[in-house]
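The next block is entry.pdb, given as PDB, C-alpha atoms.
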ATOM      1  CA  MET A 140    -161.048 -15.972 222.234
ATOM      2  CA  SER A 141    -164.078 -16.106 224.564
ATOM      3  CA  SER A 142    -165.847 -19.369 225.444
ATOM      4  CA  SER A 143    -168.922 -18.399 223.406
ATOM      5  CA  GLU A 144    -166.774 -17.648 220.374
ATOM      6  CA  ALA A 145    -164.882 -20.920 220.845
ATOM      7  CA  LYS A 146    -168.161 -22.871 220.946
ATOM      8  CA  ALA A 147    -169.402 -21.080 217.863
ATOM      9  CA  ALA A 148    -166.112 -21.751 216.112
ATOM     10  CA  ALA A 149    -166.353 -25.456 216.984
ATOM     11  CA  ALA A 150    -169.920 -25.559 215.661
ATOM     12  CA  ALA A 151    -168.729 -23.862 212.505
ATOM     13  CA  VAL A 152    -166.084 -26.521 212.038
ATOM     14  CA  ASP A 153    -168.736 -29.240 212.316
ATOM     15  CA  ALA A 154    -170.858 -27.441 209.780
ATOM     16  CA  GLY A 155    -167.863 -27.153 207.507
ATOM     17  CA  ASN A 156    -167.379 -30.922 207.463
ATOM     18  CA  SER A 157    -170.241 -31.184 204.977
ATOM     19  CA  GLN A 158    -168.265 -29.030 202.561
ATOM     20  CA  GLU A 159    -165.155 -31.203 202.234
ATOM     21  CA  ASP A 160    -164.871 -30.693 198.499
ATOM     22  CA  THR A 161    -164.777 -26.948 198.967
ATOM     23  CA  VAL A 162    -162.379 -27.168 201.912
ATOM     24  CA  ALA A 163    -159.835 -28.729 199.598
ATOM     25  CA  ASN A 164    -159.763 -25.432 197.693
ATOM     26  CA  ILE A 165    -158.411 -23.571 200.765
ATOM     27  CA  SER A 166    -154.806 -24.669 200.799
ATOM     28  CA  LEU A 167    -152.071 -23.752 203.256
ATOM     29  CA  ASP A 168    -150.858 -21.118 200.801
ATOM     30  CA  HIS A 169    -154.211 -19.320 201.044
ATOM     31  CA  ILE A 170    -154.068 -18.839 204.819
ATOM     32  CA  THR A 171    -150.325 -18.342 205.282
ATOM     33  CA  GLU A 172    -147.791 -15.901 203.907
ATOM     34  CA  GLY A 173    -144.061 -16.498 203.959
ATOM     35  CA  LYS A 174    -141.969 -18.671 206.265
ATOM     36  CA  ASN A 175    -139.294 -18.208 208.885
ATOM     37  CA  GLU A 176    -135.671 -19.330 208.415
ATOM     38  CA  ARG A 177    -136.524 -22.948 209.278
ATOM     39  CA  GLY A 178    -139.525 -23.095 206.964
ATOM     40  CA  ILE A 179    -142.328 -22.642 209.505
ATOM     41  CA  PRO A 180    -145.234 -20.890 207.720
ATOM     42  CA  ALA A 181    -146.505 -17.534 208.970
ATOM     43  CA  THR A 182    -150.258 -17.170 209.503
ATOM     44  CA  LYS A 183    -151.864 -14.614 207.218
ATOM     45  CA  PHE A 184    -153.664 -11.907 209.186
ATOM     46  CA  LEU A 185    -157.060 -11.175 207.641
ATOM     47  CA  ASP A 186    -157.390  -7.419 207.525
ATOM     48  CA  ASP A 187    -160.411  -7.465 205.198
ATOM     49  CA  ILE A 188    -162.324 -10.709 205.781
ATOM     50  CA  GLU A 189    -165.047  -9.965 203.250
ATOM     51  CA  LEU A 190    -162.494  -9.329 200.508
ATOM     52  CA  PHE A 191    -160.592 -12.490 201.438
ATOM     53  CA  ALA A 192    -163.754 -14.629 201.391
ATOM     54  CA  ALA A 193    -164.708 -13.201 198.003
ATOM     55  CA  SER A 194    -161.306 -14.141 196.553
ATOM     56  CA  PHE A 195    -162.493 -17.774 196.300
ATOM     57  CA  ASN A 196    -164.802 -19.153 193.636
ATOM     58  CA  PRO A 197    -167.425 -19.656 194.941
ATOM     59  CA  PRO A 198    -166.870 -17.225 197.852
ATOM     60  CA  ALA A 199    -165.741 -19.000 201.011
ATOM     61  CA  SER A 200    -168.324 -19.217 203.790
ATOM     62  CA  PRO A 201    -167.488 -18.163 207.374
ATOM     63  CA  GLU A 202    -167.778 -21.806 208.443
ATOM     64  CA  LEU A 203    -165.234 -22.795 205.838
ATOM     65  CA  LEU A 204    -162.775 -20.063 206.853
ATOM     66  CA  ILE A 205    -163.106 -20.877 210.548
ATOM     67  CA  GLY A 206    -162.551 -24.546 209.751
ATOM     68  CA  ALA A 207    -159.374 -23.773 207.783
ATOM     69  CA  TYR A 208    -157.899 -21.567 210.504
ATOM     70  CA  SER A 209    -158.956 -23.997 213.254
ATOM     71  CA  ASP A 210    -157.047 -26.755 211.472
ATOM     72  CA  LEU A 211    -154.012 -24.486 211.153
ATOM     73  CA  TYR A 212    -154.299 -23.562 214.834
ATOM     74  CA  SER A 213    -154.322 -27.261 215.835
ATOM     75  CA  LYS A 214    -151.203 -27.941 213.769
ATOM     76  CA  PHE A 215    -149.351 -25.029 215.365
ATOM     77  CA  LYS A 216    -150.363 -26.197 218.856
ATOM     78  CA  ALA A 217    -149.007 -29.689 218.148
ATOM     79  CA  TYR A 218    -145.757 -28.219 216.821
ATOM     80  CA  GLU A 219    -145.517 -25.935 219.844
ATOM     81  CA  GLN A 220    -145.548 -29.007 222.093
ATOM     82  CA  GLN A 221    -142.768 -30.655 220.072
ATOM     83  CA  LEU A 222    -140.614 -27.520 220.244
ATOM     84  CA  SER A 223    -141.217 -27.146 223.986
ATOM     85  CA  GLN A 224    -139.999 -30.708 224.541
ATOM     86  CA  LYS A 225    -136.903 -30.088 222.401
ATOM     87  CA  ARG A 226    -136.127 -26.896 224.291
ATOM     88  CA  ALA A 227    -136.431 -28.681 227.638
ATOM     89  CA  THR A 228    -134.024 -31.379 226.391
ATOM     90  CA  TYR A 229    -131.407 -28.774 225.463
ATOM     91  CA  GLN A 230    -131.873 -27.029 228.801
ATOM     92  CA  GLU A 231    -130.837 -30.283 230.480
ATOM     93  CA  LYS A 232    -128.155 -31.189 227.940
ATOM     94  CA  LEU A 233    -126.157 -27.931 227.896
ATOM     95  CA  PRO A 234    -125.298 -27.832 231.636
ATOM     96  CA  GLU A 235    -124.153 -31.476 231.446
ATOM     97  CA  ILE A 236    -121.809 -30.694 228.549
ATOM     98  CA  GLU A 237    -120.430 -27.634 230.342
ATOM     99  CA  LYS A 238    -119.870 -29.701 233.489
ATOM    100  CA  SER A 239    -117.959 -32.327 231.474
ATOM    101  CA  ILE A 240    -115.778 -29.674 229.821
ATOM    102  CA  THR A 241    -114.929 -28.161 233.219
ATOM    103  CA  LEU A 242    -114.024 -31.590 234.595
ATOM    104  CA  VAL A 243    -111.745 -32.543 231.674
ATOM    105  CA  ARG A 244    -109.992 -29.174 231.826
ATOM    106  CA  HIS A 245    -109.408 -29.666 235.539
ATOM    107  CA  LEU A 246    -107.914 -33.135 234.960
ATOM    108  CA  LYS A 247    -105.704 -31.759 232.192
ATOM    109  CA  GLU A 248    -104.428 -28.974 234.471
ATOM    110  CA  LYS A 249    -103.606 -31.538 237.175
ATOM    111  CA  LYS A 250    -101.653 -33.657 234.678
ATOM    112  CA  GLU A 251     -99.746 -30.635 233.347
ATOM    113  CA  ALA A 252     -98.908 -29.655 236.939
ATOM    114  CA  GLY A 253     -97.267 -33.071 237.402
ATOM    115  CA  GLU A 254     -99.874 -34.482 239.759
ATOM    116  CA  SER A 255    -100.532 -38.193 239.339
ATOM    117  CA  GLY A 256    -104.108 -38.185 240.592
ATOM    118  CA  LEU A 257    -106.806 -36.613 242.685
ATOM    119  CA  VAL A 258    -109.534 -37.659 245.074
ATOM    120  CA  THR A 259    -113.101 -36.730 244.215
ATOM    121  CA  ARG A 260    -116.667 -37.750 244.955
ATOM    122  CA  TYR A 261    -119.081 -39.214 242.444
ATOM    123  CA  ASN A 262    -122.817 -39.606 242.548
ATOM    124  CA  LEU A 263    -124.080 -43.142 243.148
ATOM    125  CA  ALA A 264    -127.731 -42.205 243.546
ATOM    126  CA  ASP A 265    -129.823 -39.281 244.751
ATOM    127  CA  THR A 266    -128.047 -37.707 247.761
ATOM    128  CA  ILE A 267    -125.552 -40.632 247.883
ATOM    129  CA  TYR A 268    -121.882 -40.000 246.990
ATOM    130  CA  SER A 269    -118.721 -42.057 247.242
ATOM    131  CA  LYS A 270    -115.000 -41.238 247.163
ATOM    132  CA  ALA A 271    -112.922 -42.151 244.131
ATOM    133  CA  GLU A 272    -109.279 -41.779 243.134
ATOM    134  CA  VAL A 273    -108.769 -40.500 239.598
ATOM    135  CA  ASP A 274    -105.492 -41.235 237.777
ATOM    136  CA  CYS A 275    -104.431 -38.101 235.858
ATOM    137  CA  SER A 276    -101.066 -39.382 234.691
ATOM    138  CA  GLN A 277    -102.479 -41.332 231.720
ATOM    139  CA  GLY A 278    -104.319 -38.334 230.279
ATOM    140  CA  ILE A 279    -107.290 -40.522 229.335
ATOM    141  CA  VAL A 280    -111.031 -40.116 229.940
ATOM    142  CA  ASN A 281    -114.057 -42.150 228.886
ATOM    143  CA  LEU A 282    -117.078 -40.322 227.494
ATOM    144  CA  TRP A 283    -120.640 -41.578 227.164
ATOM    145  CA  LEU A 284    -121.800 -41.028 223.577
ATOM    146  CA  GLY A 285    -125.323 -42.347 224.047
ATOM    147  CA  ALA A 286    -127.014 -45.658 223.219
ATOM    148  CA  ASN A 287    -124.881 -47.366 225.899
ATOM    149  CA  VAL A 288    -121.683 -46.467 224.019
ATOM    150  CA  MET A 289    -118.563 -45.269 225.834
ATOM    151  CA  LEU A 290    -115.272 -44.394 224.120
ATOM    152  CA  GLU A 291    -111.810 -43.539 225.363
ATOM    153  CA  TYR A 292    -110.277 -40.149 224.525
ATOM    154  CA  THR A 293    -107.208 -38.169 225.424
ATOM    155  CA  TYR A 294    -107.880 -34.932 227.278
ATOM    156  CA  ASP A 295    -107.353 -32.852 224.146
ATOM    157  CA  GLU A 296    -109.584 -35.111 222.037
ATOM    158  CA  ALA A 297    -112.283 -35.040 224.701
ATOM    159  CA  LEU A 298    -112.184 -31.241 224.935
ATOM    160  CA  GLU A 299    -112.395 -30.933 221.147
ATOM    161  CA  LEU A 300    -115.393 -33.268 221.001
ATOM    162  CA  LEU A 301    -117.196 -31.675 223.944
ATOM    163  CA  THR A 302    -116.682 -28.073 222.779
ATOM    164  CA  SER A 303    -117.923 -29.076 219.328
ATOM    165  CA  LYS A 304    -121.049 -30.646 220.838
ATOM    166  CA  GLN A 305    -121.527 -27.571 223.027
ATOM    167  CA  SER A 306    -121.403 -25.225 220.017
ATOM    168  CA  VAL A 307    -123.937 -27.313 218.101
ATOM    169  CA  ALA A 308    -126.219 -27.604 221.143
ATOM    170  CA  LYS A 309    -126.127 -23.836 221.770
ATOM    171  CA  LYS A 310    -126.950 -23.144 218.119
ATOM    172  CA  ASP A 311    -129.807 -25.663 218.123
ATOM    173  CA  PHE A 312    -131.135 -24.322 221.438
ATOM    174  CA  LYS A 313    -131.167 -20.768 220.043
ATOM    175  CA  GLU A 314    -133.015 -21.875 216.898
ATOM    176  CA  VAL A 315    -135.566 -23.946 218.842
ATOM    177  CA  THR A 316    -136.230 -20.987 221.170
ATOM    178  CA  GLU A 317    -136.740 -18.669 218.180
ATOM    179  CA  ASP A 318    -139.037 -21.192 216.463
ATOM    180  CA  LEU A 319    -141.056 -21.637 219.645
ATOM    181  CA  THR A 320    -141.597 -17.884 219.961
ATOM    182  CA  PHE A 321    -142.486 -17.661 216.264
ATOM    183  CA  THR A 322    -144.933 -20.586 216.516
ATOM    184  CA  ARG A 323    -146.678 -19.073 219.533
ATOM    185  CA  ASN A 324    -147.142 -15.834 217.603
ATOM    186  CA  GLN A 325    -148.787 -17.791 214.772
ATOM    187  CA  ILE A 326    -151.112 -19.447 217.269
ATOM    188  CA  ILE A 327    -152.195 -16.014 218.524
ATOM    189  CA  THR A 328    -152.739 -14.762 214.962
ATOM    190  CA  SER A 329    -154.827 -17.846 214.146
ATOM    191  CA  GLU A 330    -156.981 -17.291 217.254
ATOM    192  CA  VAL A 331    -157.472 -13.639 216.357
ATOM    193  CA  ASN A 332    -158.492 -14.555 212.800
ATOM    194  CA  ILE A 333    -161.023 -17.124 214.046
ATOM    195  CA  SER A 334    -162.560 -14.553 216.406
ATOM    196  CA  ARG A 335    -162.676 -11.864 213.723
ATOM    197  CA  ILE A 336    -164.290 -14.213 211.178
ATOM    198  CA  TYR A 337    -166.919 -15.204 213.739
ATOM    199  CA  ASN A 338    -167.664 -11.558 214.611
ATOM    200  CA  TRP A 339    -167.785 -10.629 210.932
ATOM    201  CA  ASP A 340    -170.331 -13.385 210.306
ATOM    202  CA  VAL A 341    -172.467 -12.215 213.257
ATOM    203  CA  ARG A 342    -172.483  -8.630 211.962
ATOM    204  CA  ARG A 343    -173.286  -9.809 208.445
ATOM    205  CA  LYS A 344    -176.271 -11.896 209.622
ATOM    206  CA  ARG A 345    -177.504  -9.064 211.837
ATOM    207  CA  GLU A 346    -177.388  -6.627 208.945
ATOM    208  CA  ALA A 347    -179.188  -9.103 206.684
ATOM    209  CA  ASN A 348    -181.944  -9.558 209.302
ATOM    210  CA  LEU A 349    -182.359  -5.801 209.688
ATOM    211  CA  ALA A 350    -182.536  -5.371 205.934
ATOM    212  CA  GLY A 351    -185.121  -8.140 205.656
ATOM    213  CA  SER A 352    -187.344  -6.706 208.401
ATOM    214  CA  SER A 353    -187.353  -3.174 207.010
TER
END

Represent the supplied structure as structure tokens.
Amino acid sequence: MSSSEAKAAAAAVDAGNSQEDTVANISLDHITEGKNERGIPATKFLDDIELFAASFNPPASPELLIGAYSDLYSKFKAYEQQLSQKRATYQEKLPEIEKSITLVRHLKEKKEAGESGLVTRYNLADTIYSKAEVDCSQGIVNLWLGANVMLEYTYDEALELLTSKQSVAKKDFKEVTEDLTFTRNQIITSEVNISRIYNWDVRRKREANLAGSS
């Protein structure tokens, strides 16, 4: 959408504020069609704007239509930001879970091999590490569960919990990624509709002026 069209669309929204009673007649169902698997509505593409405007009683004005789709666009943009933040969280969370699973498996292998312990390094702060001796003979690890909660698990219990969390996180990450792509497509469709409504209104006014001057 060009800057001139965006300004015109914004002006149209302001003009539409004086028609609040009529705006209420354009519900979400009017400008969307269907939903994805998680219930996110799909923006309706306006193939015939004149026919769509005439489907309301009284017929919807261009300002009203632009206002409705601008509101929908804003909602999708806000949801896009939420999904982007969720996706970034999972991108950080998944590697941490995988690292924990690898570590517990390594400790379990050491215990099964009859080794009583191992020497490793742990992170104290950025670029600062210290040596630590880990006792493998007990077969016990402590896992952070969040909210300052740490619980003790056997190696097998820890692996079961971590692999379960990994499966859920991978599933959620996949769904969030799909929803983010879907939402961005709806944003594009909303922008296209706003531009097409604006251009349709310009053509309609131009034709009316030509007809009046002839």

At a cut-off of 10 Å, using all atoms listed in the file, what residues contact A:Asp168? Leave out same-chain residues fewer than 2 positions from it and give the result as an mmCIF file with C-alpha atoms, in the coordinates of the input.
data_model
loop_
_atom_site.group_PDB
_atom_site.id
_atom_site.type_symbol
_atom_site.label_atom_id
_atom_site.label_comp_id
_atom_site.auth_asym_id
_atom_site.auth_seq_id
_atom_site.Cartn_x
_atom_site.Cartn_y
_atom_site.Cartn_z
ATOM 1 C CA ILE A 165 -158.411 -23.571 200.765
ATOM 2 C CA SER A 166 -154.806 -24.669 200.799
ATOM 3 C CA ILE A 170 -154.068 -18.839 204.819
ATOM 4 C CA THR A 171 -150.325 -18.342 205.282
ATOM 5 C CA GLU A 172 -147.791 -15.901 203.907
ATOM 6 C CA GLY A 173 -144.061 -16.498 203.959
ATOM 7 C CA PRO A 180 -145.234 -20.890 207.720
ATOM 8 C CA ALA A 181 -146.505 -17.534 208.970
ATOM 9 C CA THR A 182 -150.258 -17.170 209.503
ATOM 10 C CA LYS A 183 -151.864 -14.614 207.218
#

(request) Quick one: apply the PyMOL selection byres ((chain A and resi 301) around 10) to the file and drop the selected residues here as a PyMOL selection string. (result) chain A and resi 236-237+239-240+243+282+295-300+302-307

(message) Residue by residue, what does the PyMOL selection byres ((chain A and resi 206-214) around 6) grab here? Present the result as a VMD selection string.
(response) chain A and resid 152 203 to 205 215 to 217 326 329

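Residue nearest A:Leu222, chosen from A:Glu254, A:Asp274, A:Glu291, A:Asp311 and counting only C-alpha atoms: A:Asp311.
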
(request) Just say which residues the PyMOL selection byres ((chain A and resi 177) around 12) picks in this file, as an MDAnalysis selection string. (result) chainID A and resid 173:176 178:181 311 314:315 317:319 321:322

(message) Report, in Å to a single decimal, how far apart atom CA of A:Gln220 and atom CA of A:Leu284 are.
(response) 26.7 Å

(message) Nearest residue to A:Ala192 out of A:Thr293, A:Phe312, A:His169, A:Leu263, using only C-alpha atoms?
(response)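 Residue with the minimum atom-to-atom distance to A:Ala192: A:His169.
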
(message) Could you tell me how far atom CA of A:Leu233 sits from atom CA of A:Gln221, in Å to one decimal place?
(response)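 Between atom CA of A:Gln221 and atom CA of A:Leu233 the gap works out to 18.6 Å.
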
(message) Just to confirm, what's the straight-line distance from atom CA of A:Phe191 to atom CA of A:Arg345 in Å (one decimal)?
(response)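 These two atoms are separated by 20.1 Å.
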
(message) What's around A:Trp339 at 10 Å? Count only C-alpha atoms, leave out sequence neighbours fewer than 5 positions away in its own chain, and write the answer as a PyMOL selection string.
(response) chain A and resi 187-189+201+333-334+344-345

(message) Excluding stretch 245-251 of chain A and its own-chain neighbours fewer than 5 positions away, which residues fall within 7 Å of it when counting all atoms listed in the file? Please give them as a count of residues only.
(response) 4

(message) Restricting the calculation to all atoms listed in the file: of A:Ala308, A:Ala286, A:Leu190, A:Leu349, which residue gets closest to A:Glu231?
(response)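 That would be A:Ala308, the residue with the smallest distance to A:Glu231.
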